[in-house]
Amino acid sequence: MKIGGFQKSSLIDFPGKVAAVVFTQGCAWRCPYCHNRALVYPSRFQPSMPVEEIFEHLLLGRSQLDGVVITGGEPTQQCGLMDFLRRIREMGLLIKLDTNGSNPGMLTSLLEENLLDYIAMDVKGPLSEYRRFVGCEVDTGPLELSIELIKQAKIPYEFRTTLVGGLHTQEHLDQLAPLMYGVRRYAVQTYRMPPSDFRSQPPFTPPDVSLFHIASEALRDRVDEFLVR
Ligand code: SF4
């Protein structure tokens, strides 16, 4: 496991739970608006934290925690992920996984071994234009597989789209809507500008509020629960 950061507790990252947050290092994608570039670009990596240090923190905070969020970067590309989650399970903690959906094989293994209690998958935009949203060539077949796997999962989940000013349009949201048909929870969230040294040039901006209304019209009636963050 390559771990680039650890937050002892959070009230907002695991719905309804108090959770520690583990930030894994590394992601194969290059979303131009990525907020976590220090976890994506190897040249920006800090020395990775020893796994044992994470478990020391978790043991110390155990009585105050409901669970742990594994985020990134992209956690499913970590080869030690399953062992890491097994150890968290043995501590009796709940586990939430944040993922970009690029590794349905890993998702399958984690679900089969009952190592997840909540999954949040980013859906960046319509699959037909995914390259534009993730900054590199991407095979969307695995993404469709991940979406189907998560839809069928017997645990709580959400799909979420970060709306970015200067990138997402009404057409994108209209195209995205059929993909999200019938999902239990779908959220649109606002892009927040990162610190100036992490901004793209020219910088993206938070979206106009009208884009949230457009998203609501396109998606609210297609999903069980529609959230705006
Ligand atoms: S998938 Fe997530 S972590 Fe990876 S580049 Fe995109 S926004 Fe950043």
# chains A, B, ... in the order shown; residues from 1 in each chain; ligands from 1

$ residues_near_ligand --ligand "ligand 1" --cutoff "7 Å" --atoms "only C-alpha atoms and all ligand atoms" --output "PDB file with N, CA and C atoms, in the first residue's frame"
ATOM      1  N   CYS A  27      -2.747   7.253  -9.334  1.00  0.00           N
ATOM      2  CA  CYS A  27      -3.959   7.140 -10.133  1.00  0.00           C
ATOM      3  C   CYS A  27      -3.513   7.154 -11.591  1.00  0.00           C
ATOM      4  N   ALA A  28      -4.106   6.282 -12.389  1.00  0.00           N
ATOM      5  CA  ALA A  28      -3.708   6.189 -13.800  1.00  0.00           C
ATOM      6  C   ALA A  28      -4.316   7.311 -14.632  1.00  0.00           C
ATOM      7  N   TRP A  29      -5.306   7.991 -14.097  1.00  0.00           N
ATOM      8  CA  TRP A  29      -5.978   9.033 -14.866  1.00  0.00           C
ATOM      9  C   TRP A  29      -5.379  10.406 -14.560  1.00  0.00           C
ATOM     10  N   ARG A  30      -5.732  11.365 -15.399  1.00  0.00           N
ATOM     11  CA  ARG A  30      -5.197  12.716 -15.258  1.00  0.00           C
ATOM     12  C   ARG A  30      -6.317  13.741 -15.441  1.00  0.00           C
ATOM     13  N   CYS A  31      -7.363  13.597 -14.638  1.00  0.00           N
ATOM     14  CA  CYS A  31      -8.490  14.530 -14.750  1.00  0.00           C
ATOM     15  C   CYS A  31      -7.949  15.963 -14.654  1.00  0.00           C
ATOM     16  N   TYR A  33      -9.114  18.666 -13.769  1.00  0.00           N
ATOM     17  CA  TYR A  33      -9.588  19.458 -12.629  1.00  0.00           C
ATOM     18  C   TYR A  33      -9.313  18.735 -11.313  1.00  0.00           C
ATOM     19  N   CYS A  34      -8.448  17.718 -11.333  1.00  0.00           N
ATOM     20  CA  CYS A  34      -8.218  16.895 -10.135  1.00  0.00           C
ATOM     21  C   CYS A  34      -7.810  17.760  -8.949  1.00  0.00           C
ATOM     22  N   HIS A  35      -8.440  17.472  -7.827  1.00  0.00           N
ATOM     23  CA  HIS A  35      -8.186  18.235  -6.604  1.00  0.00           C
ATOM     24  C   HIS A  35      -7.056  17.621  -5.794  1.00  0.00           C
ATOM     25  N   ASN A  36      -6.674  16.404  -6.151  1.00  0.00           N
ATOM     26  CA  ASN A  36      -5.710  15.660  -5.323  1.00  0.00           C
ATOM     27  C   ASN A  36      -4.428  15.372  -6.092  1.00  0.00           C
ATOM     28  N   ARG A  37      -3.891  16.366  -6.754  1.00  0.00           N
ATOM     29  CA  ARG A  37      -2.728  16.126  -7.615  1.00  0.00           C
ATOM     30  C   ARG A  37      -1.532  15.600  -6.850  1.00  0.00           C
ATOM     31  N   LEU A  39      -1.591  13.354  -4.884  1.00  0.00           N
ATOM     32  CA  LEU A  39      -1.770  11.904  -4.772  1.00  0.00           C
ATOM     33  C   LEU A  39      -1.802  11.234  -6.138  1.00  0.00           C
ATOM     34  N   VAL A  40      -1.627  12.023  -7.183  1.00  0.00           N
ATOM     35  CA  VAL A  40      -1.762  11.506  -8.550  1.00  0.00           C
ATOM     36  C   VAL A  40      -0.436  11.586  -9.320  1.00  0.00           C
ATOM     37  N   GLY A  72      -8.384   8.380  -2.584  1.00  0.00           N
ATOM     38  CA  GLY A  72      -7.090   8.525  -3.253  1.00  0.00           C
ATOM     39  C   GLY A  72      -6.937   9.894  -3.869  1.00  0.00           C
ATOM     40  N   GLY A  73      -6.167   9.867  -5.044  1.00  0.00           N
ATOM     41  CA  GLY A  73      -5.698   8.710  -5.809  1.00  0.00           C
ATOM     42  C   GLY A  73      -6.816   7.714  -6.138  1.00  0.00           C
ATOM     43  N   GLU A  74      -6.390   6.559  -6.603  1.00  0.00           N
ATOM     44  CA  GLU A  74      -7.344   5.503  -6.892  1.00  0.00           C
ATOM     45  C   GLU A  74      -6.981   4.255  -6.099  1.00  0.00           C
ATOM     46  N   ASN A 100     -12.828   5.400  -8.842  1.00  0.00           N
ATOM     47  CA  ASN A 100     -13.217   5.929 -10.155  1.00  0.00           C
ATOM     48  C   ASN A 100     -13.830   4.835 -11.032  1.00  0.00           C
ATOM     49  N   VAL A 134     -11.241  12.731 -18.144  1.00  0.00           N
ATOM     50  CA  VAL A 134     -10.200  12.083 -17.329  1.00  0.00           C
ATOM     51  C   VAL A 134      -8.794  12.328 -17.872  1.00  0.00           C
TER      52      VAL A 134
END

$ atom_distance --atom1 "atom CA of A:Gly182" --atom2 "atom CA of A:Lys151"
8.4 Å

$ residues_around --residues "A:Asp98" --least-positions-apart "4" --cutoff "8 Å" --atoms "only C-alpha atoms" --output "list in words"
Val69, Ile70, Thr71, Gly72, Glu74, Pro75, Ile119, Ala120, Met121 and Asp122 of chain A

$ closest_residue --among "A:Tyr157, A:Phe45, A:Tyr186, A:Phe212" --to "A:Pro15" --atoms "only C-alpha atoms"
A:Tyr157

$ closest_residue --among "A:Lys8, A:Leu85, A:Phe23, A:Met1" --to "A:Val51" --atoms "only C-alpha atoms"
A:Met1

$ closest_residue --among "A:Thr108, A:Gln46, A:Ser63, A:Ser216" --to "A:Asp174" --atoms "only C-alpha atoms"
A:Ser216

$ select_by_dssp --residues "stretch 2-226 of chain A" --states "strand (DSSP E or B)" --output "VMD selection string"
chain A and resid 3 to 10 19 to 24 67 to 71 94 to 99 118 to 122 157 to 163 165 185 to 190 205 225 to 226

$ atom_distance --atom1 "atom CA of A:Ala19" --atom2 "atom CA of A:Glu52"
18.1 Å

$ residues_around --residues "A:Gly125" --least-positions-apart "3" --cutoff "9 Å" --atoms "only C-alpha atoms" --output "PyMOL selection string"
chain A and resi 128-130+132-133+161-163+168+172-173+175-176

$ select_by_dssp --residues "stretch 11-222 of chain A" --states "helix (DSSP H, G or I)" --output "ChimeraX atom specification"
/A:37-39,42-44,51-64,75-77,81-90,104-112,127-134,141-152,170-180,196-198,209-222

$ residues_around --residues "A:Pro207" --least-positions-apart "2" --cutoff "12 Å" --atoms "only C-alpha atoms" --output "VMD selection string"
chain A and resid 162 to 170 188 to 193 204 to 205 209 to 215

$ write_last_selection --atoms "C-alpha atoms" --output "compact mmCIF listing (two decimals), in the first residue's frame"
# COMPACT_ATOMS: atom_id res chain seq x y z
CA THR A 162 -18.39 16.77 -9.71
CA LEU A 163 -19.77 19.55 -11.89
CA VAL A 164 -17.01 21.75 -13.27
CA GLY A 165 -17.54 25.22 -14.75
CA GLY A 166 -16.09 25.42 -18.26
CA LEU A 167 -16.29 21.65 -18.72
CA HIS A 168 -19.76 20.18 -18.11
CA THR A 169 -22.68 21.22 -20.30
CA GLN A 170 -26.40 20.49 -20.42
CA VAL A 188 -23.93 16.19 -8.00
CA GLN A 189 -21.31 18.17 -6.18
CA THR A 190 -19.62 21.45 -6.91
CA TYR A 191 -16.06 21.71 -8.09
CA ARG A 192 -13.96 23.60 -5.57
CA MET A 193 -10.88 25.39 -6.79
CA PHE A 204 -11.59 25.66 -14.12
CA THR A 205 -14.22 27.30 -11.96
CA VAL A 209 -25.94 27.37 -10.24
CA SER A 210 -28.00 26.87 -13.41
CA LEU A 211 -26.01 23.68 -14.10
CA PHE A 212 -27.38 22.18 -10.88
CA HIS A 213 -30.92 22.92 -12.04
CA ILE A 214 -30.13 21.30 -15.39
CA ALA A 215 -28.70 18.25 -13.59

$ residues_around --residues "A:Tyr118" --least-positions-apart "2" --cutoff "8 Å" --atoms "only C-alpha atoms" --output "count of residues only"
8

$ closest_residue --among "A:Glu113, A:Pro42, A:Asn103, A:Ala187" --to "A:Ile147" --atoms "only C-alpha atoms"
A:Asn103

$ closest_residue --among "A:Val183, A:Leu145, A:Ala20, A:Leu115" --to "A:Leu60" --atoms "only C-alpha atoms"
A:Ala20

$ residues_around --residues "A:Gly67" --least-positions-apart "6" --cutoff "10 Å" --atoms "only C-alpha atoms" --output "PyMOL selection string"
chain A and resi 9-10+14+17-21+58+88-89+91-96+117

$ write_last_selection --atoms "all heavy atoms" --output "CSV table (one decimal), in the first residue's frame"
chain,number,residue,atom,x,y,z
A,9,SER,N,-10.1,11.8,11.8
A,9,SER,CA,-11.5,11.6,11.8
A,9,SER,C,-12.2,12.6,10.9
A,9,SER,O,-11.7,13.7,10.7
A,9,SER,CB,-12.1,11.7,13.3
A,9,SER,OG,-12.0,13.1,13.7
A,10,SER,N,-13.3,12.2,10.4
A,10,SER,CA,-14.1,13.1,9.5
A,10,SER,C,-15.6,12.8,9.8
A,10,SER,O,-16.0,11.7,10.0
A,10,SER,CB,-13.8,12.8,8.1
A,10,SER,OG,-14.8,13.3,7.2
A,14,PHE,N,-18.1,9.7,5.2
A,14,PHE,CA,-18.8,8.4,5.2
A,14,PHE,C,-20.2,8.7,5.8
A,14,PHE,O,-20.3,9.0,7.0
A,14,PHE,CB,-18.0,7.5,6.2
A,14,PHE,CG,-18.4,6.0,6.1
A,14,PHE,CD1,-17.4,5.1,6.5
A,14,PHE,CD2,-19.6,5.6,5.7
A,14,PHE,CE1,-17.7,3.7,6.4
A,14,PHE,CE2,-19.9,4.2,5.7
A,14,PHE,CZ,-19.0,3.3,6.0
A,17,LYS,N,-21.6,8.4,9.5
A,17,LYS,CA,-20.6,7.8,10.3
A,17,LYS,C,-19.4,8.7,10.6
A,17,LYS,O,-19.1,9.7,9.9
A,17,LYS,CB,-19.9,6.6,9.6
A,17,LYS,CG,-20.9,5.6,9.0
A,17,LYS,CD,-21.7,4.8,10.1
A,17,LYS,CE,-22.7,3.9,9.5
A,17,LYS,NZ,-23.7,3.4,10.4
A,18,VAL,N,-18.8,8.4,11.8
A,18,VAL,CA,-17.5,9.1,12.1
A,18,VAL,C,-16.4,8.2,11.5
A,18,VAL,O,-16.4,7.0,11.9
A,18,VAL,CB,-17.3,9.3,13.6
A,18,VAL,CG1,-16.0,10.0,13.9
A,18,VAL,CG2,-18.5,10.1,14.2
A,19,ALA,N,-15.5,8.7,10.7
A,19,ALA,CA,-14.6,7.8,10.0
A,19,ALA,C,-13.2,8.5,9.9
A,19,ALA,O,-13.1,9.7,9.7
A,19,ALA,CB,-15.1,7.5,8.6
A,20,ALA,N,-12.2,7.6,10.0
A,20,ALA,CA,-10.9,8.0,9.6
A,20,ALA,C,-10.8,8.0,8.1
A,20,ALA,O,-11.6,7.3,7.5
A,20,ALA,CB,-9.8,7.1,10.2
A,21,VAL,N,-9.8,8.7,7.5
A,21,VAL,CA,-9.7,8.7,6.0
A,21,VAL,C,-8.3,8.4,5.7
A,21,VAL,O,-7.3,9.0,6.1
A,21,VAL,CB,-10.1,10.1,5.4
A,21,VAL,CG1,-10.1,10.0,3.9
A,21,VAL,CG2,-11.5,10.5,5.9
A,58,LEU,N,-5.4,4.0,14.0
A,58,LEU,CA,-6.7,3.5,14.1
A,58,LEU,C,-7.0,2.8,15.5
A,58,LEU,O,-8.0,2.9,16.0
A,58,LEU,CB,-6.9,2.5,13.0
A,58,LEU,CG,-7.0,3.0,11.6
A,58,LEU,CD1,-7.1,1.9,10.5
A,58,LEU,CD2,-8.1,4.0,11.4
A,88,ILE,N,-8.5,-4.0,8.7
A,88,ILE,CA,-9.5,-3.0,9.2
A,88,ILE,C,-10.8,-3.7,9.7
A,88,ILE,O,-11.4,-3.4,10.7
A,88,ILE,CB,-9.8,-1.9,8.1
A,88,ILE,CG1,-8.6,-1.1,7.9
A,88,ILE,CG2,-11.0,-1.1,8.6
A,88,ILE,CD1,-8.8,-0.1,6.7
A,89,ARG,N,-11.2,-4.7,8.8
A,89,ARG,CA,-12.4,-5.5,9.2
A,89,ARG,C,-12.2,-6.2,10.6
A,89,ARG,O,-13.1,-6.3,11.4
A,89,ARG,CB,-12.6,-6.6,8.2
A,89,ARG,CG,-13.7,-6.4,7.2
A,89,ARG,CD,-15.1,-6.4,7.9
A,89,ARG,NE,-16.0,-6.2,6.8
A,89,ARG,CZ,-16.6,-5.1,6.6
A,89,ARG,NH1,-16.4,-4.0,7.3
A,89,ARG,NH2,-17.5,-5.0,5.6
A,91,MET,N,-10.6,-5.3,13.0
A,91,MET,CA,-10.8,-4.3,14.1
A,91,MET,C,-12.3,-4.0,14.3
A,91,MET,O,-12.6,-3.2,15.2
A,91,MET,CB,-10.1,-3.0,13.8
A,91,MET,CG,-8.6,-3.2,13.6
A,91,MET,SD,-7.8,-1.6,13.2
A,91,MET,CE,-8.0,-0.7,14.7
A,92,GLY,N,-13.2,-4.5,13.5
A,92,GLY,CA,-14.6,-4.3,13.7
A,92,GLY,C,-15.0,-2.9,13.1
A,92,GLY,O,-16.1,-2.4,13.5
A,93,LEU,N,-14.2,-2.3,12.2
A,93,LEU,CA,-14.6,-1.0,11.7
A,93,LEU,C,-15.3,-1.2,10.3
A,93,LEU,O,-15.0,-2.1,9.5
A,93,LEU,CB,-13.3,-0.2,11.5
A,93,LEU,CG,-12.7,0.3,12.8
A,93,LEU,CD1,-11.3,0.8,12.5
A,93,LEU,CD2,-13.6,1.5,13.3
A,94,LEU,N,-16.2,-0.3,10.0
A,94,LEU,CA,-16.9,-0.3,8.7
A,94,LEU,C,-15.9,0.3,7.7
A,94,LEU,O,-15.0,1.1,8.0
A,94,LEU,CB,-18.2,0.6,8.8
A,94,LEU,CG,-19.2,0.1,9.8
A,94,LEU,CD1,-20.3,1.1,9.9
A,94,LEU,CD2,-19.8,-1.2,9.3
A,95,ILE,N,-16.2,0.0,6.4
A,95,ILE,CA,-15.3,0.4,5.3
A,95,ILE,C,-16.1,1.1,4.2
A,95,ILE,O,-17.0,0.5,3.7
A,95,ILE,CB,-14.4,-0.8,4.8
A,95,ILE,CG1,-13.6,-1.4,5.9
A,95,ILE,CG2,-13.6,-0.3,3.6
A,95,ILE,CD1,-13.0,-2.7,5.5
A,96,LYS,N,-15.6,2.3,3.8
A,96,LYS,CA,-16.2,2.9,2.6
A,96,LYS,C,-15.1,3.1,1.6
A,96,LYS,O,-14.0,3.5,2.0
A,96,LYS,CB,-16.8,4.3,3.0
A,96,LYS,CG,-17.1,5.1,1.7
A,96,LYS,CD,-17.8,6.4,2.1
A,96,LYS,CE,-18.1,7.3,0.9
A,96,LYS,NZ,-17.1,8.3,0.6
A,117,ASP,N,-18.6,-1.7,3.0
A,117,ASP,CA,-20.0,-1.3,3.6
A,117,ASP,C,-20.6,-0.2,2.9
A,117,ASP,O,-21.8,0.1,3.0
A,117,ASP,CB,-19.8,-1.0,5.1
A,117,ASP,CG,-19.2,-2.1,5.9
A,117,ASP,OD1,-20.0,-3.1,6.1
A,117,ASP,OD2,-18.0,-2.0,6.2
